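Colleague: Below is the file my_file_39.txt, with compact mmCIF, C-alpha atoms.
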```
# COMPACT_ATOMS: atom_id res chain seq x y z
CA MET H 73 23.08 -5.70 63.85
CA THR H 74 25.29 -5.59 60.77
CA ALA H 75 25.45 -9.37 60.69
CA THR H 76 21.67 -9.55 60.84
CA ARG H 77 21.29 -7.21 57.85
CA SER H 78 23.93 -9.14 55.93
CA THR H 79 22.19 -12.41 56.69
CA ARG H 80 18.85 -10.93 55.54
CA ARG H 81 20.40 -9.77 52.24
CA VAL H 82 21.87 -13.24 51.69
CA LYS H 83 18.49 -14.84 52.34
CA LEU H 84 16.71 -12.43 49.98
CA SER H 85 19.38 -13.04 47.34
CA THR H 86 18.94 -16.78 47.75
CA ILE H 87 15.15 -16.45 47.46
CA ASP H 88 15.43 -14.22 44.37
CA SER H 89 17.90 -16.59 42.75
CA ALA H 90 15.60 -19.51 43.41
CA ALA H 91 12.64 -17.57 42.01
CA ALA H 92 14.64 -16.76 38.89
CA GLN H 93 15.17 -20.46 38.27
CA GLN H 94 11.45 -21.18 38.19
CA ARG H 95 10.40 -21.43 34.55
CA TYR H 96 7.27 -20.30 32.76
CA SER H 97 5.08 -23.02 31.33
CA SER H 98 5.59 -24.23 27.74
CA VAL H 99 2.34 -22.56 26.63
CA ALA H 100 3.41 -19.23 28.17
CA MET H 101 6.80 -19.50 26.42
CA LEU H 102 5.19 -20.30 23.07
CA LEU H 103 2.81 -17.36 23.31
CA HIS H 104 5.57 -15.01 24.51
CA TRP H 105 7.92 -15.70 21.60
CA ALA H 106 5.14 -15.89 19.01
CA ILE H 107 3.91 -12.44 20.08
CA ALA H 108 7.47 -11.07 20.17
CA LEU H 109 8.19 -12.23 16.60
CA ALA H 110 4.81 -10.99 15.35
CA LEU H 111 5.34 -7.60 17.01
CA ALA H 112 8.80 -7.22 15.47
CA PHE H 113 7.39 -7.94 12.03
CA GLN H 114 4.34 -5.72 12.58
CA LEU H 115 6.23 -2.67 13.83
CA ALA H 116 8.73 -2.85 10.97
CA LEU H 117 5.91 -3.36 8.47
CA GLY H 118 3.92 -0.42 9.82
CA PHE H 119 6.82 2.03 9.66
CA ALA H 120 8.35 0.84 6.35
CA MET H 121 5.37 0.22 4.09
CA PRO H 122 4.40 3.00 1.63
CA LYS H 123 1.47 5.12 2.79
CA ASP H 124 -0.11 5.27 -0.69
CA GLU H 125 -1.64 2.76 -3.10
CA ARG H 126 1.71 0.95 -3.51
CA GLY H 127 1.39 -0.27 0.06
CA PHE H 128 -2.19 -1.54 -0.23
CA ALA H 129 -1.26 -5.24 -0.22
CA LEU H 130 1.10 -4.66 2.72
CA TYR H 131 -1.66 -2.71 4.46
CA GLN H 132 -3.95 -5.74 4.18
CA LEU H 133 -1.17 -7.93 5.61
CA HIS H 134 -0.67 -5.38 8.40
CA LYS H 135 -4.33 -5.74 9.38
CA SER H 136 -4.15 -9.54 9.50
CA VAL H 137 -0.98 -9.53 11.61
CA GLY H 138 -2.53 -6.96 13.96
CA ILE H 139 -5.61 -9.10 14.51
CA THR H 140 -3.36 -12.11 15.12
CA ILE H 141 -1.38 -10.19 17.77
CA LEU H 142 -4.63 -9.15 19.46
CA LEU H 143 -5.87 -12.77 19.60
CA LEU H 144 -2.50 -14.09 20.83
CA THR H 145 -2.32 -11.39 23.51
CA LEU H 146 -5.81 -12.19 24.78
CA ALA H 147 -4.84 -15.86 24.89
CA ARG H 148 -1.63 -14.99 26.76
CA LEU H 149 -3.55 -12.85 29.24
CA ALA H 150 -6.14 -15.59 29.79
CA TRP H 151 -3.37 -18.14 30.39
CA ARG H 152 -1.63 -15.83 32.85
CA LEU H 153 -4.85 -15.26 34.81
CA THR H 154 -5.55 -18.99 35.06
CA HIS H 155 -1.97 -20.22 35.59
CA ARG H 156 0.20 -18.76 38.32
CA PRO H 157 3.41 -17.28 36.84
CA PRO H 158 6.80 -17.66 38.58
CA PRO H 159 7.28 -15.23 41.50
CA ALA H 160 8.92 -11.86 40.93
CA VAL H 161 12.68 -11.84 41.39
CA GLU H 162 13.02 -8.20 42.46
CA ARG H 163 11.35 -5.88 44.93
CA GLY H 164 11.48 -2.16 45.51
CA PHE H 165 11.72 0.32 42.64
CA ASN H 166 13.26 -2.16 40.16
CA GLY H 167 10.48 -4.61 40.85
CA PHE H 168 7.85 -1.90 40.42
CA LEU H 169 9.45 -0.78 37.12
CA ALA H 170 9.54 -4.34 35.75
CA LYS H 171 5.89 -4.88 36.64
CA ALA H 172 4.88 -1.52 35.13
CA VAL H 173 6.62 -2.36 31.84
CA HIS H 174 4.81 -5.71 31.69
CA VAL H 175 1.42 -4.10 32.35
CA LEU H 176 2.06 -1.38 29.76
CA LEU H 177 3.13 -4.01 27.23
CA TYR H 178 -0.27 -5.65 27.60
CA VAL H 179 -1.94 -2.26 27.16
CA PHE H 180 0.09 -1.70 23.99
CA MET H 181 -0.49 -5.19 22.57
CA ILE H 182 -4.25 -4.81 22.99
CA GLY H 183 -4.58 -1.07 22.37
CA ALA H 184 -2.56 -0.92 19.13
CA PRO H 185 -4.67 -3.53 17.28
CA LEU H 186 -7.90 -2.01 18.62
CA THR H 187 -6.99 1.52 17.47
CA GLY H 188 -5.90 0.09 14.11
CA TRP H 189 -9.26 -1.68 13.86
CA ALA H 190 -10.96 1.64 14.64
CA VAL H 191 -8.94 3.40 11.92
CA VAL H 192 -10.06 0.86 9.31
CA SER H 193 -13.66 0.93 10.53
CA THR H 194 -13.99 4.73 10.36
CA SER H 195 -12.14 5.35 7.08
CA ARG H 196 -14.08 7.13 4.35
CA ILE H 197 -13.08 4.36 1.96
CA GLN H 198 -14.61 1.22 3.42
CA VAL H 199 -12.23 -1.50 2.28
CA PRO H 200 -13.33 -4.95 3.51
CA THR H 201 -10.93 -6.72 5.86
CA MET H 202 -10.24 -10.37 5.09
CA PHE H 203 -8.37 -12.05 7.95
CA TRP H 204 -5.47 -13.77 6.19
CA GLY H 205 -7.42 -13.48 2.95
CA ALA H 206 -10.01 -16.03 4.03
CA ILE H 207 -12.20 -14.86 6.94
CA PRO H 208 -14.32 -11.66 6.64
CA TRP H 209 -13.56 -9.41 9.61
CA PRO H 210 -16.30 -6.97 10.66
CA HIS H 211 -15.87 -3.24 11.12
CA LEU H 212 -16.46 -1.62 14.49
CA PRO H 213 -19.70 0.43 14.71
CA LEU H 214 -17.90 3.75 15.21
CA PRO H 215 -18.63 7.20 13.72
CA HIS H 216 -16.23 8.71 11.21
CA GLY H 217 -15.57 11.54 13.66
CA VAL H 218 -13.23 9.36 15.72
CA HIS H 219 -11.06 8.44 12.72
CA GLU H 220 -8.39 11.07 13.28
CA ILE H 221 -8.19 10.36 17.02
CA ALA H 222 -7.85 6.63 16.36
CA GLU H 223 -5.17 7.25 13.72
CA GLU H 224 -3.11 9.47 16.02
CA GLY H 225 -3.55 7.06 18.91
CA HIS H 226 -2.46 4.12 16.77
CA GLU H 227 0.75 5.86 15.72
CA LEU H 228 1.49 7.03 19.26
CA LEU H 229 1.03 3.50 20.61
CA ALA H 230 3.48 2.21 18.00
CA TRP H 231 6.21 4.51 19.30
CA ILE H 232 5.34 3.67 22.91
CA GLY H 233 5.51 -0.01 22.01
CA ILE H 234 9.04 0.36 20.68
CA ALA H 235 10.10 2.15 23.89
CA LEU H 236 8.55 -0.59 26.05
CA PHE H 237 10.13 -3.27 23.90
CA LEU H 238 13.58 -1.71 24.43
CA LEU H 239 13.00 -1.40 28.20
CA HIS H 240 11.94 -5.06 28.35
CA VAL H 241 15.07 -6.18 26.50
CA ALA H 242 17.29 -3.93 28.61
CA GLY H 243 15.85 -5.46 31.77
CA ALA H 244 16.50 -8.98 30.53
CA LEU H 245 20.10 -8.11 29.59
CA ARG H 246 20.63 -6.52 33.02
CA HIS H 247 19.55 -9.70 34.78
CA GLN H 248 21.65 -11.89 32.53
CA PHE H 249 24.93 -9.96 32.56
CA LEU H 250 24.85 -7.67 35.62
CA VAL H 251 22.70 -9.39 38.23
CA LYS H 252 23.60 -12.82 36.83
CA ASP H 253 20.59 -14.54 38.35
CA GLY H 254 19.81 -16.72 35.31
CA LEU H 255 16.52 -14.96 34.64
CA LEU H 256 16.59 -15.74 30.89
CA LYS H 257 16.23 -19.44 31.70
CA ARG H 258 12.66 -18.77 32.84
CA MET H 259 11.61 -18.01 29.22
CA GLY H 260 14.10 -20.27 27.46
CA PRO H 261 13.06 -23.61 25.93
CA ARG H 262 14.40 -26.48 28.06
CA GLY H 263 15.50 -23.89 30.62
CA SER H 264 18.30 -22.71 28.34
CA ALA H 265 19.40 -19.08 28.56
CA GLY H 266 21.26 -19.60 25.28
CA LEU H 267 18.10 -20.59 23.41
CA ALA H 268 16.26 -17.64 24.92
CA GLY H 269 19.07 -15.38 23.68
CA LEU H 270 18.86 -16.87 20.18
CA LEU H 271 15.12 -16.28 20.06
CA ALA H 272 15.64 -12.69 21.19
CA ALA H 273 18.26 -12.21 18.46
CA LEU H 274 15.80 -13.66 15.94
CA VAL H 275 13.24 -11.03 17.00
CA VAL H 276 15.77 -8.30 16.23
CA VAL H 277 16.64 -9.87 12.88
CA VAL H 278 12.96 -10.07 11.93
CA TYR H 279 12.46 -6.38 12.73
CA PHE H 280 15.39 -5.05 10.73
CA GLY H 281 15.09 -7.67 7.98
CA THR H 282 11.43 -6.82 7.41
CA GLY H 283 12.10 -3.10 7.20
CA MET H 284 15.03 -3.53 4.81
CA LYS H 285 13.09 -5.94 2.57
CA ILE H 286 10.12 -3.59 2.23
CA ALA H 287 12.36 -0.58 1.58
CA THR H 288 14.29 -2.51 -1.09
CA ASP H 289 11.10 -3.67 -2.81
CA VAL H 290 9.64 -0.15 -2.87
CA VAL H 291 12.83 1.37 -4.27
CA ALA H 292 12.93 -1.33 -6.95
CA ALA H 293 9.31 -0.51 -7.84
CA GLY H 294 9.96 3.19 -8.26
CA GLY H 295 10.92 4.63 -4.88
CA TYR H 296 9.14 6.48 -2.14
CA GLY H 297 8.70 9.65 -4.16
CA PRO H 298 5.29 11.32 -4.39
CA THR H 299 2.78 10.15 -6.93
CA VAL H 300 2.97 12.34 -10.00
CA THR H 301 -0.27 13.08 -11.77
CA PRO H 302 0.19 13.56 -15.49
CA ALA H 303 0.02 17.24 -16.32
CA ALA H 304 -2.82 18.51 -18.43
CA ALA H 305 -2.02 19.51 -21.96
CA PRO H 306 -0.97 23.14 -22.22
CA ALA H 307 -3.53 25.45 -23.66
CA THR H 308 -2.94 26.23 -27.29
CA THR H 309 -3.24 29.71 -28.68
CA ALA H 310 -5.16 30.11 -31.89
CA THR H 311 -3.03 31.39 -34.74
CA PRO H 312 -4.63 33.73 -37.28
CA ILE H 313 -4.99 32.01 -40.64
CA ALA H 314 -4.09 34.03 -43.69
CA GLU H 315 -6.68 34.26 -46.39
CA ALA H 316 -6.22 31.33 -48.76
CA THR H 317 -5.24 32.04 -52.32
CA PRO H 318 -6.04 29.84 -55.33
CA VAL H 319 -2.35 28.92 -55.59
CA ALA H 320 -2.17 27.92 -51.90
CA GLU H 321 -5.35 25.88 -52.17
CA GLU H 322 -4.00 24.07 -55.21
CA THR H 323 -0.71 23.33 -53.41
CA GLU H 324 -2.55 21.94 -50.34
CA ALA H 325 -4.68 19.73 -52.58
CA VAL H 326 -1.56 18.34 -54.26
CA GLU H 327 0.06 17.65 -50.85
CA GLU H 328 -3.05 15.81 -49.64
CA GLU H 329 -3.05 13.68 -52.74
CA GLU H 330 0.64 12.88 -52.31
CA ALA H 331 0.23 12.05 -48.60
CA GLY H 332 -1.93 9.00 -49.22
CA PRO H 333 -3.38 6.78 -46.47
CA PRO H 334 -1.53 6.79 -43.12
CA PRO H 335 0.68 3.91 -41.91
CA THR H 336 -0.84 1.21 -39.72
CA TRP H 337 0.89 0.76 -36.37
CA ALA H 338 1.16 -2.42 -34.28
CA ILE H 339 1.44 -1.96 -30.50
CA GLN H 340 4.34 -3.99 -29.12
CA ARG H 341 4.34 -6.06 -25.94
CA GLY H 342 5.49 -4.44 -22.72
CA GLY H 343 3.30 -1.33 -22.83
CA ARG H 344 1.48 0.09 -19.84
CA LEU H 345 -1.97 1.59 -19.32
CA GLY H 346 -2.23 2.97 -15.79
CA PHE H 347 -4.55 5.13 -13.71
CA THR H 348 -4.38 7.23 -10.56
CA VAL H 349 -7.18 8.58 -8.37
CA THR H 350 -6.69 10.76 -5.31
CA SER H 351 -8.27 10.44 -1.87
CA GLY H 352 -7.50 13.51 0.19
CA SER H 353 -3.73 13.69 0.51
CA ASP H 354 -3.34 10.05 -0.56
CA SER H 355 -3.69 8.45 -3.95
CA TYR H 356 -4.43 5.03 -5.42
CA LYS H 357 -2.58 3.82 -8.49
CA GLY H 358 -3.39 0.82 -10.67
CA SER H 359 -3.25 -0.46 -14.22
CA PHE H 360 -5.02 -2.56 -16.85
CA SER H 361 -3.21 -5.71 -17.92
CA ASP H 362 -5.40 -6.46 -20.97
CA TRP H 363 -5.85 -3.77 -23.61
CA SER H 364 -5.28 -3.37 -27.33
CA GLY H 365 -5.45 -0.78 -30.06
CA SER H 366 -5.86 -0.20 -33.77
CA ILE H 367 -3.83 2.76 -35.00
CA LYS H 368 -3.68 4.43 -38.40
CA PHE H 369 -1.59 7.55 -38.04
CA ASP H 370 0.84 9.69 -40.03
CA PRO H 371 2.94 11.94 -37.74
CA GLU H 372 3.28 14.44 -40.57
CA ASN H 373 -0.44 14.48 -41.36
CA PRO H 374 -2.25 13.73 -38.07
CA GLU H 375 -5.60 14.94 -39.43
CA SER H 376 -5.99 11.64 -41.29
CA ALA H 377 -5.56 9.51 -38.14
CA ASP H 378 -7.97 6.80 -37.05
CA ILE H 379 -7.17 5.52 -33.55
CA ARG H 380 -9.21 2.99 -31.57
CA MET H 381 -8.47 1.52 -28.14
CA ASN H 382 -10.17 -1.39 -26.35
CA ILE H 383 -9.75 -2.06 -22.61
CA ASN H 384 -10.78 -5.21 -20.75
CA LEU H 385 -12.16 -3.69 -17.53
CA ALA H 386 -11.88 -6.98 -15.62
CA SER H 387 -8.08 -6.66 -15.94
CA ALA H 388 -8.00 -3.54 -13.71
CA SER H 389 -5.82 -4.00 -10.63
CA VAL H 390 -4.29 -1.98 -7.82
CA GLY H 391 -2.27 -4.92 -6.53
CA ASP H 392 -4.67 -6.27 -3.92
CA GLU H 393 -7.23 -9.02 -4.43
CA THR H 394 -9.85 -7.52 -2.11
CA MET H 395 -9.66 -4.04 -3.58
CA ASP H 396 -9.53 -5.41 -7.13
CA GLY H 397 -12.84 -7.17 -6.48
CA MET H 398 -14.39 -3.86 -5.47
CA LEU H 399 -12.86 -2.08 -8.47
CA VAL H 400 -14.50 -4.33 -11.07
CA GLY H 401 -17.78 -4.49 -9.10
CA ALA H 402 -21.03 -2.69 -9.76
CA ASP H 403 -20.13 0.44 -7.77
CA PHE H 404 -17.07 1.09 -9.91
CA LEU H 405 -16.31 -0.42 -13.34
CA ALA H 406 -19.17 -2.96 -13.46
CA ALA H 407 -17.01 -5.28 -15.57
CA SER H 408 -19.61 -8.08 -15.62
CA ALA H 409 -22.31 -5.90 -17.20
CA HIS H 410 -19.95 -3.77 -19.32
CA PRO H 411 -16.76 -5.79 -19.87
CA THR H 412 -15.08 -3.45 -22.36
CA ALA H 413 -14.31 0.26 -22.52
CA THR H 414 -13.55 1.75 -25.93
CA TRP H 415 -12.13 5.02 -27.16
CA ARG H 416 -12.13 6.18 -30.79
CA SER H 417 -10.58 9.32 -32.15
CA THR H 418 -12.64 11.90 -34.02
CA SER H 419 -9.81 14.36 -34.73
CA VAL H 420 -6.07 14.55 -34.12
CA ARG H 421 -3.88 17.64 -34.43
CA GLN H 422 -0.29 18.54 -33.70
CA THR H 423 0.27 20.96 -30.81
CA GLY H 424 4.07 21.11 -30.82
CA PRO H 425 7.19 19.23 -31.89
CA ASN H 426 6.27 15.52 -31.62
CA ARG H 427 3.30 16.45 -29.45
CA TYR H 428 -0.34 15.82 -30.34
CA ARG H 429 -3.87 16.21 -29.03
CA ALA H 430 -6.52 13.67 -29.94
CA ASP H 431 -10.24 14.28 -29.42
CA GLY H 432 -12.56 11.32 -29.41
CA THR H 433 -15.39 9.43 -27.73
CA LEU H 434 -15.03 7.23 -24.66
CA SER H 435 -17.62 4.52 -24.08
CA LEU H 436 -17.55 3.25 -20.50
CA LYS H 437 -20.11 1.55 -18.30
CA GLY H 438 -22.92 2.11 -20.81
CA ALA H 439 -22.22 5.83 -21.36
CA SER H 440 -20.45 7.56 -24.26
CA LYS H 441 -18.86 10.97 -23.67
CA PRO H 442 -16.33 13.20 -25.48
CA GLN H 443 -12.84 12.52 -24.20
CA SER H 444 -9.55 14.05 -25.27
CA LEU H 445 -5.99 12.91 -24.60
CA THR H 446 -2.50 14.15 -25.34
CA PHE H 447 0.53 12.16 -26.42
CA THR H 448 4.12 12.57 -27.54
CA LEU H 449 6.25 10.58 -29.98
CA SER H 450 9.92 9.75 -29.87
CA GLY H 451 12.01 7.73 -32.26
CA GLU H 452 12.12 7.88 -36.03
CA GLY H 453 10.51 6.37 -39.08
CA LEU H 454 8.30 3.38 -38.48
CA ARG H 455 9.59 2.66 -34.96
CA ARG H 456 8.16 5.05 -32.34
CA HIS H 457 7.68 5.26 -28.60
CA VAL H 458 4.37 6.75 -27.43
CA GLU H 459 3.63 8.35 -24.06
CA GLY H 460 0.43 10.12 -23.17
CA SER H 461 -2.17 11.02 -20.58
CA ALA H 462 -5.79 11.98 -20.09
CA SER H 463 -8.00 13.22 -17.26
CA ILE H 464 -11.34 11.38 -17.02
CA ASP H 465 -14.37 12.57 -15.08
CA ARG H 466 -15.39 9.34 -13.34
CA ASN H 467 -18.74 10.79 -12.22
CA ALA H 468 -19.76 11.36 -15.85
CA PHE H 469 -19.61 7.59 -16.35
CA GLY H 470 -21.03 6.55 -12.96
CA VAL H 471 -17.74 5.04 -11.78
CA GLY H 472 -17.70 5.08 -7.97
CA THR H 473 -21.27 5.40 -6.73
CA GLY H 474 -21.30 3.74 -3.29
CA GLU H 475 -19.99 4.68 0.14
CA SER H 476 -16.68 3.04 -0.72
CA ALA H 477 -16.08 5.86 -3.23
CA ALA H 478 -16.64 8.64 -0.69
CA GLY H 479 -13.59 10.88 -0.51
CA LEU H 480 -12.23 9.88 -3.91
CA GLY H 481 -11.34 12.64 -6.35
CA GLY H 482 -13.70 13.23 -9.25
CA SER H 483 -10.95 12.99 -11.87
CA VAL H 484 -9.01 9.86 -12.76
CA ALA H 485 -5.58 10.46 -14.29
CA LEU H 486 -4.91 8.00 -17.10
CA ASN H 487 -1.38 7.45 -18.40
CA PHE H 488 -0.04 5.17 -21.11
CA ALA H 489 3.26 4.28 -22.71
CA PHE H 490 4.11 1.76 -25.43
CA ASP H 491 6.30 1.07 -28.44
CA ALA H 492 4.74 0.82 -31.88
CA VAL H 493 5.99 -0.46 -35.22
CA GLY H 494 4.46 0.99 -38.35
CA ARG H 495 3.71 -0.55 -41.74
CA GLU H 496 3.21 1.46 -44.89
CA PRO H 497 -0.15 0.81 -46.62
```
How does the structure come out when it is put into structure tokens?
Modeller:
Amino acid sequence: MTATRSTRRVKLSTIDSAAAQQRYSSVAMLLHWAIALALAFQLALGFAMPKDERGFALYQLHKSVGITILLLTLARLAWRLTHRPPPAVERGFNGFLAKAVHVLLYVFMIGAPLTGWAVVSTSRIQVPTMFWGAIPWPHLPLPHGVHEIAEEGHELLAWIGIALFLLHVAGALRHQFLVKDGLLKRMGPRGSAGLAGLLAALVVVVYFGTGMKIATDVVAAGGYGPTVTPAAAPATTATPIAEATPVAEETEAVEEEEAGPPPTWAIQRGGRLGFTVTSGSDSYKGSFSDWSGSIKFDPENPESADIRMNINLASASVGDETMDGMLVGADFLAASAHPTATWRSTSVRQTGPNRYRADGTLSLKGASKPQSLTFTLSGEGLRRHVEGSASIDRNAFGVGTGESAAGLGGSVALNFAFDAVGREP
């Protein structure tokens, strides 16, 4: 009886060992490793990329990679259904567990891209999806009400996918080093377990390398910290003015005569003109690359200032080609019909040490409205550094009129910083 059981175990072991030596087809191998590498990159990208406007370009890449994984998985599933795979090498509970992990991996590889597609399709901000920047990808006809469910499901599937990935790797290592049945050869090019191991190591390197690269780039660009909206200028308290005397009036007249015309300032290269707009708990940040100014300003006598700024609206960018096209389009800046925005000061006054408030008129998208800004000066003499901010009501100028603007905040925070060199008149 014992000999019979021993003989049966030997036969089963021989059968399992023989089954382990049967290899998958070249197409199955190619799809397996392509999906594994894409998944490693995608999971690292999804967890590491910033969840605000700084990650917009990566978000577009994330969508393209997700669609690619979906298409590769469907191709892999179709190949598996039409081409018999090698027989299972284990039975019982271990065999059931291995099969369950494989089935759940397919559920993950199809479900994660589909829930991501649903998230994009139901977002309040309808950003077009361009598959690898070339092929328009349609949105799913889903109501906005499922957005939160899709978002939570997408994140949950990502964590489940990592768990399944680890179980899959652990199973392969068990067969290779504990059972020693040569299972890795089934998915190794030329039947090589060594090459299969190298490809598996490459998957791990892609995952950690992608995450580290994104984290390094974000830190270099300013870190993961929250977006800071420039603070509004503090309210100023009116100071009672003493009744003017003839002597005081004469002294002020003499000072005005001695002041003369203000210096003319040239804006130096390297300045920045940026903007931020909120969308719920998120925010989008961008900048204008083409702008110029004409400044006549005396820090000691700001009342005589004449400041003019010109902005090329077509130079607006948030770092993504698709979103930039929407930004300069008719629903937002309408750069083709109104290529330039201008601001000109009407009065400038000092509100504190090296701090000023400038009132003026902003002309944008065919409308002209009063617009104030605040700025500070640092440096001395005719070499100064300028930093300032303003809060612009985008609705007053008709910026953001379509469905793509739904959910955006009504105020756009403008911030600027530049060096200026003055020249006495």
Colleague: For Ser359 of chain H, list every protein, DNA or RNA residue within 12 Å, evaluated using only C-alpha atoms, and leave out those in the same chain fewer than 2 positions away; present the list as a VMD selection string.
Modeller: chain H and resid 125 to 126 343 to 349 356 to 357 361 to 363 383 to 392 396 399 484 to 489
Colleague: Kindly indicate which residue among H:Thr194, H:Ser97, H:Asn166, H:Gln340 lies nearest to Trp151 of chain H, using all atoms listed in the file for the distances.
Modeller: H:Ser97
Colleague: Determine, counting all atoms listed in the file, every residue of protein, DNA or RNA that lies within 10 Å of (-9.0, 6.0, 17.0) in the file coordinates, then give the result as a list in words.
Modeller: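 Output of the proximity query reads Gly183, Ala184, Leu186, Thr187, Gly188, Trp189, Ala190, Val191, Val192, Ser193, Thr194, Leu214, His216, Gly217, Val218, His219, Glu220, Ile221, Ala222, Glu223, Glu224, Gly225, His226 and Glu227 of chain H.
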Colleague: Closest to Phe280 of chain H among H:Gln114, H:Ala478, H:Gly460, H:Pro497, using only C-alpha atoms?
Modeller: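 With only C-alpha atoms as the atom set, the closest residue is H:Gln114.
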Colleague: Please, what distance in Å, to one decimal, runs between atom CA of Ile367 of chain H and atom CA of Gly424 of chain H?
Modeller: 20.4 Å
Colleague: Quick one: everything within 10 Å of Trp209 of chain H, counting all atoms listed in the file, minus sequence neighbours fewer than 6 positions away in the same chain. Send it as a list in words.
Modeller: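 So, after excluding close chain neighbours, the residues are Lys135, Ser136, Ile139, Trp189, Pro200, Thr201, Met202 and Phe203 of chain H.
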Colleague: Which residues are close to Ser364 of chain H, i.e. within 8 Å by only C-alpha atoms, leaving aside same-chain residues fewer than 6 positions away? Reply as an mmCIF file with C-alpha atoms, keeping the file's coordinate frame.
Modeller:
```cif
data_model
loop_
_atom_site.group_PDB
_atom_site.id
_atom_site.type_symbol
_atom_site.label_atom_id
_atom_site.label_comp_id
_atom_site.auth_asym_id
_atom_site.auth_seq_id
_atom_site.Cartn_x
_atom_site.Cartn_y
_atom_site.Cartn_z
ATOM 1 C CA ILE H 339 1.440 -1.960 -30.500
ATOM 2 C CA MET H 381 -8.470 1.520 -28.140
ATOM 3 C CA ASN H 382 -10.170 -1.390 -26.350
ATOM 4 C CA ILE H 383 -9.750 -2.060 -22.610
#
```
Colleague: Please fill the gaps in segment 245-259 of chain H so it has N, CA and C atoms, and write that as a short mmCIF file (atom, residue, chain, number, x, y, z; two decimals), in the frame of the given file.
Modeller:
```cif
data_model
loop_
_atom_site.label_atom_id
_atom_site.label_comp_id
_atom_site.auth_asym_id
_atom_site.auth_seq_id
_atom_site.Cartn_x
_atom_site.Cartn_y
_atom_site.Cartn_z
N LEU H 245 18.64 -8.13 29.69
CA LEU H 245 20.10 -8.11 29.59
C LEU H 245 20.74 -7.78 30.93
N ARG H 246 20.11 -6.88 31.69
CA ARG H 246 20.63 -6.52 33.02
C ARG H 246 20.68 -7.73 33.92
N HIS H 247 19.58 -8.51 33.92
CA HIS H 247 19.55 -9.70 34.78
C HIS H 247 20.57 -10.73 34.33
N GLN H 248 20.77 -10.85 33.04
CA GLN H 248 21.65 -11.89 32.53
C GLN H 248 23.12 -11.56 32.76
N PHE H 249 23.50 -10.29 32.54
CA PHE H 249 24.93 -9.96 32.56
C PHE H 249 25.38 -9.15 33.77
N LEU H 250 24.46 -8.45 34.45
CA LEU H 250 24.85 -7.67 35.62
C LEU H 250 24.45 -8.37 36.92
N VAL H 251 23.17 -8.70 37.03
CA VAL H 251 22.70 -9.39 38.23
C VAL H 251 23.13 -10.85 38.23
N LYS H 252 23.17 -11.42 37.02
CA LYS H 252 23.60 -12.82 36.83
C LYS H 252 22.79 -13.80 37.67
N ASP H 253 21.47 -13.64 37.58
CA ASP H 253 20.59 -14.54 38.35
C ASP H 253 19.93 -15.60 37.47
N GLY H 254 20.36 -15.68 36.19
CA GLY H 254 19.81 -16.72 35.31
C GLY H 254 18.36 -16.51 34.93
N LEU H 255 17.93 -15.24 34.91
CA LEU H 255 16.52 -14.96 34.64
C LEU H 255 16.07 -15.43 33.26
N LEU H 256 16.96 -15.36 32.25
CA LEU H 256 16.59 -15.74 30.89
C LEU H 256 16.14 -17.21 30.80
N LYS H 257 16.61 -18.02 31.73
CA LYS H 257 16.23 -19.44 31.70
C LYS H 257 14.73 -19.63 31.91
N ARG H 258 14.10 -18.66 32.58
CA ARG H 258 12.66 -18.77 32.84
C ARG H 258 11.85 -18.80 31.54
N MET H 259 12.35 -18.09 30.48
CA MET H 259 11.61 -18.01 29.22
C MET H 259 12.36 -18.73 28.10
#
```
